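Chemist: File follows, target_2.txt with compact mmCIF, C-alpha atoms and all ligand atoms:
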# COMPACT_ATOMS: atom_id res chain seq x y z
CA MET D 1 21.98 283.89 -61.22
CA VAL D 2 23.80 283.98 -64.57
CA VAL D 3 23.32 280.80 -66.59
CA LYS D 4 26.02 279.72 -69.06
CA ARG D 5 26.65 276.96 -71.53
CA TYR D 6 29.95 275.14 -71.19
CA ILE D 7 31.79 272.78 -73.54
CA ILE D 8 33.64 270.26 -71.38
CA THR D 9 36.28 267.99 -72.93
CA LEU D 10 36.18 264.83 -70.82
CA ALA D 11 39.27 262.71 -70.19
CA TYR D 12 37.58 259.44 -69.14
CA GLY D 13 34.14 259.47 -70.82
CA ALA D 14 31.39 258.07 -68.60
CA LEU D 15 33.63 258.10 -65.53
CA SER D 16 34.32 261.83 -65.99
CA GLU D 17 30.61 262.50 -66.39
CA ALA D 18 29.91 260.56 -63.20
CA GLU D 19 32.51 262.68 -61.40
CA LEU D 20 30.90 265.86 -62.70
CA GLU D 21 27.47 264.71 -61.54
CA ALA D 22 28.69 263.58 -58.11
CA TYR D 23 30.63 266.79 -57.59
CA SER D 24 27.67 268.94 -58.65
CA THR D 25 25.49 267.31 -55.96
CA LEU D 26 28.11 268.36 -53.45
CA LEU D 27 27.85 271.97 -54.69
CA ASN D 28 24.05 271.78 -54.93
CA LEU D 29 24.27 272.57 -58.62
CA ASP D 30 21.66 271.60 -61.16
CA TYR D 31 22.81 271.31 -64.75
CA LEU D 32 21.29 270.29 -68.01
CA VAL D 33 23.17 268.20 -70.59
CA LEU D 34 22.53 269.79 -74.00
CA GLY D 35 24.44 267.21 -76.00
CA ARG D 36 27.60 265.19 -76.50
CA VAL D 37 30.01 265.22 -79.41
CA GLY D 38 32.94 262.81 -79.13
CA ARG D 39 34.79 263.62 -75.92
CA CYS D 40 32.80 266.86 -75.42
CA CYS D 41 29.81 267.19 -73.16
CA ILE D 42 27.86 270.45 -73.46
CA ILE D 43 26.02 271.56 -70.35
CA GLU D 44 23.96 274.51 -69.15
CA VAL D 45 24.61 275.55 -65.58
CA GLU D 46 25.03 278.64 -63.45
CA MET D 47 28.27 280.52 -64.15
CA LEU D 48 31.12 278.81 -62.30
CA PRO D 49 34.54 280.14 -61.29
CA GLN D 50 37.67 278.59 -62.82
CA GLN D 51 38.62 277.07 -59.45
CA THR D 52 35.49 274.88 -59.42
CA TRP D 53 36.49 273.26 -62.71
CA LEU D 54 40.04 272.73 -61.48
CA GLU D 55 38.79 270.61 -58.59
CA LEU D 56 37.81 267.89 -61.08
CA GLY D 57 40.34 265.24 -62.13
CA GLY D 58 38.50 263.95 -65.20
CA LEU D 59 38.49 266.97 -67.49
CA HIS D 60 40.88 268.20 -70.13
CA LYS D 61 39.42 271.67 -70.59
CA VAL D 62 36.28 273.76 -70.24
CA ALA D 63 35.10 276.50 -72.60
CA GLU D 64 32.36 279.04 -71.90
CA VAL D 65 30.07 279.42 -74.90
CA PHE D 66 29.79 282.99 -76.25
CA ALA D 67 28.17 282.47 -79.65
CA GLU D 68 26.14 280.10 -81.78
CA VAL D 69 26.38 280.14 -85.59
CA LYS D 70 25.52 277.94 -88.55
CA SER D 71 28.43 276.54 -90.61
CA ASP D 72 27.91 279.09 -93.37
CA GLU D 73 27.39 282.04 -91.02
CA ILE D 74 30.89 282.41 -89.66
CA ASN D 75 31.05 285.99 -90.88
CA ARG D 76 28.29 286.77 -88.35
CA LEU D 77 30.40 285.52 -85.45
CA ASN D 78 30.85 288.18 -82.77
CA LEU D 79 34.33 287.86 -81.27
CA GLU D 80 34.00 290.66 -78.68
CA ALA D 81 34.39 287.99 -75.96
CA LEU D 82 38.09 287.82 -76.90
CA THR D 83 39.56 290.53 -74.72
CA ALA D 84 43.00 291.69 -73.51
CA LEU D 85 44.48 291.24 -76.97
CA THR D 86 48.18 291.96 -77.18
CA ASP D 87 50.99 291.44 -79.64
CA LYS D 88 53.05 288.27 -79.01
CA MET D 89 50.10 286.51 -77.45
CA LYS D 90 49.48 282.84 -78.19
CA TRP D 91 46.16 281.53 -79.37
CA ALA D 92 44.56 278.34 -80.57
CA VAL D 93 41.42 276.90 -82.11
CA SER D 94 39.89 273.45 -81.48
CA THR D 95 36.81 272.05 -83.21
CA TYR D 96 34.74 268.91 -82.52
CA SER D 97 32.25 267.46 -84.99
CA GLU D 98 30.78 264.22 -86.28
CA SER D 99 32.65 264.61 -89.59
CA ARG D 100 36.30 265.14 -90.47
CA SER D 101 35.58 267.66 -93.19
CA SER D 102 33.36 269.86 -91.04
CA ALA D 103 35.83 269.82 -88.10
CA LEU D 104 38.65 270.86 -90.44
CA LYS D 105 36.64 273.40 -92.46
CA PHE D 106 35.21 275.14 -89.40
CA SER D 107 38.63 275.30 -87.73
CA GLU D 108 40.04 276.99 -90.86
CA ASP D 109 37.12 279.42 -91.07
CA LEU D 110 37.46 280.23 -87.38
CA ARG D 111 41.19 280.88 -87.66
CA GLU D 112 40.61 283.21 -90.62
CA SER D 113 37.85 285.13 -88.80
CA ILE D 114 40.01 285.48 -85.68
CA LYS D 115 43.01 286.67 -87.72
CA GLU D 116 40.79 289.33 -89.35
CA TYR D 117 39.41 290.35 -85.97
CA LEU D 118 42.91 290.65 -84.46
CA LYS D 119 44.13 292.64 -87.44
CA GLY D 120 41.18 295.00 -87.05
CA ARG D 121 42.36 295.66 -83.49
CA GLY D 122 45.94 296.26 -84.54
CA VAL D 123 47.19 292.95 -83.09
CA VAL D 124 49.31 291.29 -85.75
CA LYS D 125 52.33 289.63 -84.18
CA THR D 126 50.64 286.68 -82.52
CA LYS D 127 51.57 283.00 -82.33
CA LEU D 128 48.97 280.52 -83.48
CA LEU D 129 49.32 277.02 -82.00
CA ARG D 130 48.58 274.23 -84.43
CA GLY D 131 46.27 271.33 -83.57
CA LYS D 132 45.91 267.82 -84.93
CA ILE D 133 42.97 266.20 -86.66
CA ARG D 134 41.99 262.79 -85.30
CA LYS D 135 39.08 260.44 -84.92
CA VAL D 136 37.89 259.73 -81.39
CA ASP D 137 35.26 257.00 -81.14
CA SER D 138 33.06 257.86 -84.10
CA ASN D 139 33.65 261.63 -84.05
CA TRP D 140 36.37 263.95 -85.28
CA GLU D 141 38.35 266.62 -83.56
CA TYR D 142 40.84 269.20 -84.71
CA GLU D 143 42.39 269.77 -81.33
CA VAL D 144 45.12 271.68 -79.59
CA SER D 145 45.79 269.47 -76.58
CA SER D 146 45.23 270.69 -73.05
CA GLN D 147 48.87 269.71 -72.29
CA LEU D 148 50.09 272.16 -74.92
CA LEU D 149 47.66 274.86 -73.77
CA GLN D 150 49.02 274.58 -70.24
CA LYS D 151 52.68 274.41 -71.32
CA GLU D 152 52.31 277.53 -73.48
CA HIS D 153 50.24 279.45 -70.86
CA VAL D 154 47.57 280.07 -73.50
CA ILE D 155 44.76 280.73 -71.03
CA GLU D 156 46.77 283.24 -69.00
CA ASP D 157 48.54 285.03 -71.88
CA GLY D 158 46.19 284.53 -74.82
CA PHE D 159 43.09 282.53 -75.64
CA GLU D 160 41.70 279.35 -77.11
CA VAL D 161 38.44 279.26 -79.05
CA VAL D 162 36.59 275.94 -78.97
CA ALA D 163 33.70 275.05 -81.28
CA VAL D 164 31.40 272.04 -81.14
CA LYS D 165 28.88 271.09 -83.77
CA LEU D 166 25.46 270.24 -82.42
CA LYS D 167 22.65 271.45 -84.74
CA SER D 168 24.68 274.61 -85.24
CA TRP D 169 28.17 275.44 -83.99
CA LEU D 170 28.54 276.45 -80.36
CA VAL D 171 31.60 278.64 -79.99
CA GLY D 172 33.31 279.22 -76.65
CA LYS D 173 36.42 280.57 -75.00
CA THR D 174 38.45 278.17 -72.85
CA VAL D 175 38.27 279.19 -69.19
CA ALA D 176 39.98 276.25 -67.45
CA VAL D 177 42.60 273.66 -68.36
CA VAL D 178 43.38 270.75 -66.06
CA ASP D 179 46.63 271.18 -64.13
CA HIS D 180 48.56 268.38 -65.88
CA ILE D 181 51.86 269.69 -64.51
CA GLY D 182 50.64 269.59 -60.90
CA TYR D 183 49.25 266.07 -61.26
CA ARG D 184 52.50 264.89 -62.91
CA GLN D 185 54.62 266.43 -60.14
CA ARG D 186 52.51 264.72 -57.48
CA ASP D 187 52.98 261.44 -59.31
CA LEU D 188 56.67 261.61 -60.16
CA GLU D 189 58.29 263.98 -57.69
CA ARG D 190 57.00 262.60 -54.40
CA PRO D 191 59.63 261.04 -52.17
CA ILE D 192 58.39 257.43 -52.27
CA GLN D 193 57.19 255.90 -55.51
CA ASP D 194 56.11 252.48 -56.72
CA PRO D 195 54.31 252.44 -60.08
CA THR D 196 53.40 248.77 -59.61
CA ILE D 197 50.84 249.66 -56.94
CA THR D 198 49.93 253.30 -57.31
CA ILE D 199 46.88 254.83 -58.91
CA PRO D 200 47.41 257.90 -61.14
CA PRO D 201 46.61 261.09 -59.15
CA LYS D 202 43.91 262.19 -61.64
CA LEU D 203 42.01 258.94 -61.06
CA ALA D 204 42.56 259.30 -57.34
CA ARG D 205 40.98 262.77 -57.54
CA ILE D 206 38.00 261.36 -59.42
CA LEU D 207 37.45 258.72 -56.71
CA VAL D 208 37.57 261.40 -54.02
CA ASN D 209 35.04 263.53 -55.92
CA LEU D 210 32.73 260.55 -56.44
CA THR D 211 32.37 260.28 -52.65
CA ALA D 212 31.07 263.90 -52.65
CA CYS D 213 32.78 264.57 -49.31
CA LYS D 214 32.71 268.22 -48.29
CA LYS D 215 35.67 270.28 -47.06
CA GLY D 216 36.42 269.39 -43.44
CA GLU D 217 34.84 265.93 -43.68
CA THR D 218 36.85 262.72 -43.27
CA LEU D 219 37.76 260.27 -46.01
CA LEU D 220 39.18 256.79 -45.36
CA ASP D 221 41.36 254.69 -47.67
CA PRO D 222 41.63 251.25 -46.02
CA PHE D 223 44.19 250.05 -48.65
CA CYS D 224 46.11 253.31 -48.76
CA GLY D 225 49.44 252.13 -50.24
CA LEU D 226 51.65 255.17 -50.74
CA GLY D 227 48.81 257.59 -50.09
CA THR D 228 47.83 258.85 -53.56
CA ILE D 229 44.09 258.97 -52.86
CA LEU D 230 44.69 260.50 -49.43
CA GLY D 231 46.88 263.21 -51.00
CA GLU D 232 44.21 264.23 -53.52
CA ALA D 233 41.63 264.28 -50.72
CA ALA D 234 43.86 266.50 -48.56
CA ILE D 235 44.26 268.98 -51.46
CA ARG D 236 40.45 269.06 -51.68
CA GLY D 237 40.34 270.13 -48.02
CA LEU D 238 39.38 266.78 -46.46
CA ASN D 239 40.74 265.10 -43.35
CA VAL D 240 42.16 261.69 -44.15
CA ILE D 241 42.65 258.30 -42.54
CA GLY D 242 44.84 255.70 -44.25
CA VAL D 243 45.30 252.03 -43.36
CA ASP D 244 47.65 249.53 -44.99
CA ALA D 245 48.77 246.03 -44.08
CA GLU D 246 52.41 246.75 -44.97
CA PRO D 247 54.37 248.87 -42.46
CA SER D 248 56.72 250.09 -45.26
CA ARG D 249 53.72 251.41 -47.23
CA VAL D 250 52.38 253.26 -44.20
CA GLU D 251 55.81 254.84 -43.75
CA GLY D 252 55.90 255.68 -47.49
CA ALA D 253 52.46 257.27 -47.31
CA ARG D 254 53.56 259.28 -44.28
CA LYS D 255 56.58 260.68 -46.16
CA ASN D 256 54.55 261.39 -49.29
CA LEU D 257 51.79 263.17 -47.40
CA ARG D 258 54.27 265.26 -45.41
CA TRP D 259 55.87 266.31 -48.72
CA LEU D 260 52.48 267.10 -50.30
CA LEU D 261 51.10 269.11 -47.36
CA GLU D 262 54.25 271.21 -47.36
CA LYS D 263 54.28 271.67 -51.15
CA TYR D 264 50.68 272.89 -51.16
CA GLY D 265 50.85 274.80 -47.87
CA ILE D 266 48.05 272.70 -46.35
CA ARG D 267 48.06 273.27 -42.60
CA ASP D 268 44.59 272.41 -41.44
CA ALA D 269 44.18 268.83 -42.74
CA SER D 270 44.21 266.02 -40.19
CA VAL D 271 46.21 263.03 -41.48
CA GLU D 272 46.06 259.72 -39.60
CA LEU D 273 47.93 256.66 -40.88
CA PHE D 274 47.85 253.17 -39.38
CA GLN D 275 49.30 249.76 -40.05
CA GLY D 276 46.40 247.34 -40.00
CA TYR D 277 43.93 245.26 -41.99
CA ALA D 278 40.93 246.49 -43.93
CA GLU D 279 38.91 243.52 -42.70
CA ASN D 280 39.56 244.53 -39.07
CA LEU D 281 39.15 248.28 -39.11
CA ASN D 282 37.42 248.23 -35.71
CA ARG D 283 40.80 247.45 -34.11
CA ILE D 284 42.00 250.85 -35.31
CA LEU D 285 38.91 252.97 -35.65
CA LYS D 286 36.98 251.54 -32.65
CA ARG D 287 33.51 253.07 -33.02
CA ARG D 288 34.46 255.92 -35.37
CA VAL D 289 32.62 256.44 -38.65
CA VAL D 290 33.91 258.35 -41.67
CA ASP D 291 32.08 260.49 -44.27
CA GLY D 292 33.42 258.69 -47.34
CA VAL D 293 35.71 255.87 -48.48
CA ALA D 294 37.79 255.82 -51.68
CA THR D 295 40.09 252.90 -52.35
CA GLU D 296 41.85 250.53 -54.75
CA PRO D 297 42.47 247.23 -52.94
CA ILE D 298 44.11 245.33 -55.81
CA LEU D 299 46.08 246.40 -58.85
CA LEU D 300 46.81 243.34 -61.00
CA PRO D 301 50.25 243.34 -62.63
CA PRO D 302 50.38 243.95 -66.41
CA LEU D 303 49.87 240.71 -68.37
CA LYS D 304 52.30 239.59 -71.07
CA HIS D 305 49.55 237.97 -73.13
CA LEU D 306 45.76 237.90 -73.27
CA PRO D 307 44.59 235.17 -70.86
CA THR D 308 41.96 232.58 -71.71
CA GLU D 309 38.60 233.20 -70.05
CA GLN D 310 39.40 230.49 -67.54
CA GLU D 311 42.75 232.01 -66.63
CA ALA D 312 41.16 235.45 -66.30
CA LYS D 313 38.38 234.08 -64.09
CA ARG D 314 40.90 232.34 -61.83
CA MET D 315 42.94 235.53 -61.49
CA LEU D 316 39.83 237.55 -60.67
CA GLU D 317 38.52 235.00 -58.21
CA ARG D 318 41.76 235.21 -56.24
CA SER D 319 41.43 239.02 -56.16
CA SER D 320 37.77 239.00 -55.20
CA ALA D 321 38.43 237.38 -51.81
CA ILE D 322 39.93 240.54 -50.31
CA TYR D 323 36.87 242.57 -51.43
CA TYR D 324 34.39 240.16 -49.87
CA LYS D 325 36.42 239.99 -46.66
CA SER D 326 36.77 243.75 -46.21
CA LEU D 327 33.34 245.04 -47.31
CA PRO D 328 31.59 244.38 -43.95
CA SER D 329 34.30 246.22 -42.03
CA ILE D 330 34.37 249.15 -44.49
CA SER D 331 30.60 249.48 -44.36
CA ARG D 332 30.57 249.38 -40.54
CA HIS D 333 32.82 252.46 -40.43
CA LEU D 334 31.02 254.46 -43.14
CA LYS D 335 28.25 256.81 -42.02
CA THR D 336 24.74 256.19 -43.33
CA GLY D 337 24.41 258.23 -46.53
CA GLY D 338 28.20 258.14 -47.02
CA ARG D 339 29.67 256.81 -50.28
CA LEU D 340 32.29 254.22 -51.13
CA ALA D 341 34.18 254.63 -54.44
CA ILE D 342 36.05 251.41 -55.07
CA VAL D 343 38.23 250.18 -57.95
CA LEU D 344 37.97 246.59 -59.18
CA PRO D 345 40.38 244.87 -61.54
CA CYS D 346 38.98 244.00 -64.98
CA VAL D 347 40.76 241.67 -67.40
CA LYS D 348 40.46 241.44 -71.17
CA SER D 349 40.42 237.79 -72.23
CA ARG D 350 41.60 236.18 -75.46
CA SER D 351 38.00 236.28 -76.71
CA ARG D 352 38.18 240.13 -76.18
CA ARG D 353 35.55 239.93 -73.45
CA ILE D 354 36.23 242.15 -70.46
CA LEU D 355 35.77 240.15 -67.28
CA SER D 356 35.45 241.27 -63.68
CA PHE D 357 33.49 240.15 -60.64
CA ASP D 358 30.32 241.47 -59.12
CA ILE D 359 30.57 242.75 -55.56
CA SER D 360 27.16 244.42 -55.50
CA ARG D 361 25.34 241.38 -54.04
CA GLU D 362 27.85 241.01 -51.19
CA ALA D 363 27.80 244.76 -50.70
CA SER D 364 24.01 244.86 -50.40
CA LYS D 365 24.18 242.35 -47.54
CA VAL D 366 26.20 244.87 -45.52
CA GLY D 367 24.05 247.91 -46.31
CA LEU D 368 25.79 249.21 -49.43
CA ARG D 369 23.79 249.76 -52.60
CA LEU D 370 25.02 250.98 -55.97
CA TYR D 371 24.63 254.75 -56.08
CA PRO D 372 22.18 255.78 -58.81
CA LEU D 373 23.81 258.54 -60.83
CA LYS D 374 21.76 259.79 -63.80
CA SER D 375 24.78 259.68 -66.09
CA VAL D 376 25.68 256.06 -65.23
CA LYS D 377 23.96 253.38 -67.26
CA LYS D 378 25.85 250.53 -65.63
CA TYR D 379 28.66 249.80 -63.22
CA PRO D 380 31.57 249.27 -63.27
CA LEU D 381 32.62 252.51 -64.92
CA LEU D 382 35.42 251.16 -67.03
CA ILE D 383 38.64 252.98 -67.77
CA GLU D 384 39.08 251.57 -71.21
CA ASP D 385 42.38 251.59 -72.91
CA PRO D 386 42.54 249.34 -75.99
CA SER D 387 46.26 248.76 -75.41
CA GLN D 388 45.75 247.41 -71.86
CA ARG D 389 44.95 243.84 -70.87
CA VAL D 390 44.26 244.76 -67.27
CA MET D 391 41.88 247.64 -66.65
CA ARG D 392 40.22 249.43 -63.78
CA GLY D 393 36.48 249.35 -63.18
CA ILE D 394 34.89 251.67 -60.65
CA HIS D 395 31.81 251.12 -58.49
CA LEU D 396 30.14 253.79 -56.39
CA PHE D 397 28.09 252.61 -53.41
CA GLU D 398 26.01 254.42 -50.84
CA LYS D 399 25.55 253.18 -47.31
CA VAL D 400 21.83 252.83 -46.82
CA PHE D 401 21.61 250.87 -43.55
CA GLY D 402 23.66 249.03 -40.96
C1 LIG D 501 46.80 248.74 -55.08
S1 LIG D 501 47.55 249.15 -53.60
C2 LIG D 501 46.84 250.71 -53.22
C3 LIG D 501 47.63 251.82 -53.81
C4 LIG D 501 47.25 253.20 -53.40
N1 LIG D 501 45.95 253.56 -53.93
C5 LIG D 501 48.33 254.15 -53.92
O1 LIG D 501 48.12 254.86 -54.90
O2 LIG D 501 49.43 254.13 -53.34
C6 LIG D 501 46.85 248.09 -52.45
C7 LIG D 501 47.45 248.19 -51.07
O3 LIG D 501 46.67 247.38 -50.20
C8 LIG D 501 47.53 246.84 -49.21
N2 LIG D 501 46.82 245.67 -48.62
C9 LIG D 501 46.75 244.40 -49.11
N3 LIG D 501 45.95 243.66 -48.32
C10 LIG D 501 45.51 244.48 -47.34
C11 LIG D 501 44.61 244.31 -46.24
N4 LIG D 501 44.02 243.15 -45.99
N5 LIG D 501 44.34 245.40 -45.47
C12 LIG D 501 44.92 246.59 -45.72
N6 LIG D 501 45.79 246.78 -46.71
C13 LIG D 501 46.06 245.76 -47.53
C14 LIG D 501 48.81 246.55 -49.94
O4 LIG D 501 49.90 246.54 -49.03
C15 LIG D 501 48.87 247.72 -50.93
O5 LIG D 501 49.68 248.75 -50.44
Would you put the structure from the file into structure tokens?
Modeler:
Amino acid sequence: MVVKRYIITLAYGALSEAELEAYSTLLNLDYLVLGRVGRCCIIEVEMLPQQTWLELGGLHKVAEVFAEVKSDEINRLNLEALTALTDKMKWAVSTYSESRSSALKFSEDLRESIKEYLKGRGVVKTKLLRGKIRKVDSNWEYEVSSQLLQKEHVIEDGFEVVAVKLKSWLVGKTVAVVDHIGYRQRDLERPIQDPTITIPPKLARILVNLTACKKGETLLDPFCGLGTILGEAAIRGLNVIGVDAEPSRVEGARKNLRWLLEKYGIRDASVELFQGYAENLNRILKRRVVDGVATEPILLPPLKHLPTEQEAKRMLERSSAIYYKSLPSISRHLKTGGRLAIVLPCVKSRSRRILSFDISREASKVGLRLYPLKSVKKYPLLIEDPSQRVMRGIHLFEKVFG
């Protein structure tokens, strides 16, 4: 087995790490976290094909480490890993560090070394993509975005070198970039759309991966809306069951899934859609159990102003009822050992506190306990966006009895 170090640029922080961990249990992969710098997580794991990385919804890009150098040793950097060099190719450099000056300085040094290396191989007419320096949390990155890398086909027709400063600089070549274009098409080109209820497809993919369902297993979304989660599950090779109270949503999901299966040439997925209520799944599913559940029962509308704590609590209390009512039925139809990935609304109040409600006690009464992932310090895993007043928080449960 060949072991490699990878620099992974995460899109959703702790949630992305949880996805990585959950997905690695599905593949029976053990990995070691070597460190974190800003949005980058550096891991050591057996060598993985590009396709494995592309299954994950919470990454921007992944680079395979080929060298390690100190800041002042850049002239010792061996760039032989950069192969298939041709004129007109596009290339880029991104650096991540705890300080602005070191991120900028190392990116400049890297660019100079690469230019020299290319010149030495007779490759002179190349296009260098420029990045941007910015602070993310308390770290700095000089980054060429994964959107630009995909748009310019840099991985296919050129290369990106990524460097992260731990004790020394780890230098890698980007091997996978998330398929932003595919996710955007699935969001904005499907026949039936309603942004007021739908979850972004990347988040839907993360929820599916958190359940760690294997190809051929069955995933249920008992609040399926227009079928975003079901679509991401079908692309991952799962069979899907969707339930929604609104007949028009079930019809919308049907049209969307038909479109998606055709677009991706998926022929072997079983898709079952029903009008019905999450609290009465037995009317539809009878005695059937599923391998995993991923769902978002409530998406609160955007708020015009920050609510007082009391207003926020009232809003959340109204939403919580549907969770408490449907948990027993969801648990009854989940196999023992199966997982439930569920989104809860979280609201930022005027005092800047983020409020939600706790479903773990009710869940434990029906055999669901919070799933202990090593990377998760506490649930909910929050998708934080400072500009948003309403946020999503994600819980992952495992059915342990019942
Ligand atoms: C936030 S949306 C889910 C959106 C879905 N994830 C998507 O991307 O299209 C919640 C859905 O739950 C449905 N719903 C509300 N109460 C329900 C219930 N008791 N049982 C089943 N579905 C319900 C609504 O009709 C709505 O379509």
Chemist: When you look at stretch 31-46 of chain D with a cut-off of 10 Å (counting only C-alpha atoms), what residues show up, excluding the ones that are within fewer than 5 positions of it in the same chain? I need them as a PyMOL selection string.
Modeler: chain D and resi 1-14+17+20-21+24+59-65+96-98+135-141+164-167+170+375
Chemist: Report the closest atom pair, with its distance in Å rounded to one decimal, for each residue of chain D that has an atom no farther than 10 Å from ligand LIG 501 (chain D); count all atoms listed in the file, sort by chain and then rising residue number, and write it as a Markdown table.
Modeler:
| residue | atom | partner | partner_atom | distance |
| --- | --- | --- | --- | --- |
| D:Asp187 | CA | D:LIG501 | O1 | 9.3 |
| D:Ile192 | CA | D:LIG501 | O2 | 9.6 |
| D:Gln193 | CA | D:LIG501 | O2 | 8.2 |
| D:Asp194 | CA | D:LIG501 | O2 | 7.7 |
| D:Pro195 | CA | D:LIG501 | O1 | 8.4 |
| D:Thr196 | CA | D:LIG501 | C1 | 8.0 |
| D:Ile197 | CA | D:LIG501 | C1 | 4.5 |
| D:Thr198 | CA | D:LIG501 | O1 | 3.4 |
| D:Ile199 | CA | D:LIG501 | O1 | 4.2 |
| D:Pro200 | CA | D:LIG501 | O1 | 7.0 |
| D:Pro201 | CA | D:LIG501 | O1 | 7.7 |
| D:Leu203 | CA | D:LIG501 | O1 | 9.6 |
| D:Ala204 | CA | D:LIG501 | N1 | 7.5 |
| D:Asp221 | CA | D:LIG501 | N1 | 7.8 |
| D:Pro222 | CA | D:LIG501 | C12 | 5.7 |
| D:Phe223 | CA | D:LIG501 | O3 | 4.0 |
| D:Cys224 | CA | D:LIG501 | C4 | 4.8 |
| D:Gly225 | CA | D:LIG501 | O5 | 3.4 |
| D:Leu226 | CA | D:LIG501 | O2 | 3.6 |
| D:Gly227 | CA | D:LIG501 | O2 | 4.8 |
| D:Thr228 | CA | D:LIG501 | O1 | 4.2 |
| D:Ile229 | CA | D:LIG501 | N1 | 5.8 |
| D:Leu230 | CA | D:LIG501 | N1 | 8.4 |
| D:Gly231 | CA | D:LIG501 | O1 | 9.3 |
| D:Gly242 | CA | D:LIG501 | C12 | 9.2 |
| D:Val243 | CA | D:LIG501 | C12 | 5.9 |
| D:Asp244 | CA | D:LIG501 | N6 | 3.7 |
| D:Ala245 | CA | D:LIG501 | N6 | 4.0 |
| D:Glu246 | CA | D:LIG501 | O4 | 4.8 |
| D:Pro247 | CA | D:LIG501 | O4 | 8.3 |
| D:Ser248 | CA | D:LIG501 | O4 | 8.6 |
| D:Arg249 | CA | D:LIG501 | O5 | 5.8 |
| D:Val250 | CA | D:LIG501 | O5 | 8.2 |
| D:Gly252 | CA | D:LIG501 | O2 | 8.9 |
| D:Ala253 | CA | D:LIG501 | O2 | 7.4 |
| D:Asn256 | CA | D:LIG501 | O2 | 9.8 |
| D:Phe274 | CA | D:LIG501 | C12 | 9.6 |
| D:Gln275 | CA | D:LIG501 | C12 | 7.8 |
| D:Gly276 | CA | D:LIG501 | C12 | 6.0 |
| D:Tyr277 | CA | D:LIG501 | N5 | 3.5 |
| D:Ala278 | CA | D:LIG501 | N5 | 3.9 |
| D:Glu279 | CA | D:LIG501 | N4 | 6.1 |
| D:Asn280 | CA | D:LIG501 | N5 | 8.0 |
| D:Leu281 | CA | D:LIG501 | N5 | 8.7 |
| D:Ala294 | CA | D:LIG501 | N1 | 8.8 |
| D:Thr295 | CA | D:LIG501 | N1 | 6.1 |
| D:Glu296 | CA | D:LIG501 | N1 | 5.2 |
| D:Pro297 | CA | D:LIG501 | C6 | 4.5 |
| D:Ile298 | CA | D:LIG501 | C1 | 4.4 |
| D:Leu299 | CA | D:LIG501 | C1 | 4.5 |
| D:Leu300 | CA | D:LIG501 | C1 | 8.0 |
| D:Pro301 | CA | D:LIG501 | C1 | 9.9 |
| D:Ala321 | CA | D:LIG501 | N4 | 9.9 |
| D:Ile322 | CA | D:LIG501 | N4 | 6.5 |
| D:Tyr323 | CA | D:LIG501 | N4 | 9.0 |
| D:Lys325 | CA | D:LIG501 | N4 | 8.3 |
| D:Ser326 | CA | D:LIG501 | N4 | 7.3 |
| D:Val343 | CA | D:LIG501 | C1 | 9.2 |
| D:Leu344 | CA | D:LIG501 | C1 | 10.0 |
| D:Pro345 | CA | D:LIG501 | C1 | 9.9 |
Chemist: Mind pulling up the distance from atom CA of D:Val171 to atom CA of D:Phe66?
Modeler: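 Atom CA of D:Val171 lies at a distance of 6.0 Å from atom CA of D:Phe66.
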Chemist: Sorted by chain and rising residue number, which residues of stretch 148-227 of chain D lie within 9 Å of stretch 78-83 of chain D, and what are their closest atom pairs and distances in Å to one decimal, counting all atoms listed in the file, as JSON lines?
Modeler:
{"residue": "D:Gly158", "atom": "CA", "partner": "D:Thr83", "partner_atom": "CA", "distance": 8.9}
{"residue": "D:Phe159", "atom": "CA", "partner": "D:Leu82", "partner_atom": "CA", "distance": 7.4}
{"residue": "D:Val161", "atom": "CA", "partner": "D:Leu82", "partner_atom": "CA", "distance": 8.8}
{"residue": "D:Gly172", "atom": "CA", "partner": "D:Ala81", "partner_atom": "CA", "distance": 8.9}
{"residue": "D:Lys173", "atom": "CA", "partner": "D:Leu82", "partner_atom": "CA", "distance": 7.7}
Chemist: Can you tell me which residues surround stretch 73-76 of chain D at a distance of at most 9 Å, considering only C-alpha atoms, apart from same-chain residues fewer than 3 positions away, and format the answer as a ChimeraX atom specification?
Modeler: /D:69-70,106,109-110,113
Chemist: Residues of the last selection are to be written out with C-alpha atoms, as a PDB file, in the coordinates of the input.
Modeler:
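Saved the output as again_12.pdb:
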ATOM      1  CA  VAL D  69      26.380 280.140 -85.590  1.00  0.00           C
ATOM      2  CA  LYS D  70      25.520 277.940 -88.550  1.00  0.00           C
ATOM      3  CA  PHE D 106      35.210 275.140 -89.400  1.00  0.00           C
ATOM      4  CA  ASP D 109      37.120 279.420 -91.070  1.00  0.00           C
ATOM      5  CA  LEU D 110      37.460 280.230 -87.380  1.00  0.00           C
ATOM      6  CA  SER D 113      37.850 285.130 -88.800  1.00  0.00           C
TER       7      SER D 113
END
Chemist: Closest to D:Gly58 among D:Val124, D:Arg130, D:Ile206, D:Ile383, using all atoms listed in the file?
Modeler: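 Of D:Val124, D:Arg130, D:Ile206, D:Ile383, the one nearest D:Gly58 is D:Ile206, counting all atoms listed in the file.
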Chemist: Give me the residues near D:Asp87 as a PyMOL selection string, where near means some atom within 12 Å (using all atoms listed in the file) and where sequence neighbours in that chain fewer than 5 positions away do not count.
Modeler: chain D and resi 118-119+121-128+157-158
Chemist: When you draw a straight line from atom CA of D:Phe397 to atom CA of D:Ala341, how long is it in Å?
Modeler: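 Pair atom CA of D:Phe397 / atom CA of D:Ala341 returns 6.5 Å.
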Chemist: With 8 Å on each side, where is the centre of the axis-aligned box around all listed atoms of stretch 65-80 of chain D, and how long are its edges in Å to one decimal, as AutoDock Vina command-line options?
Modeler:
--center_x 29.9 --center_y 283.6 --center_z -84.1 --size_x 24.8 --size_y 30.1 --size_z 34.5
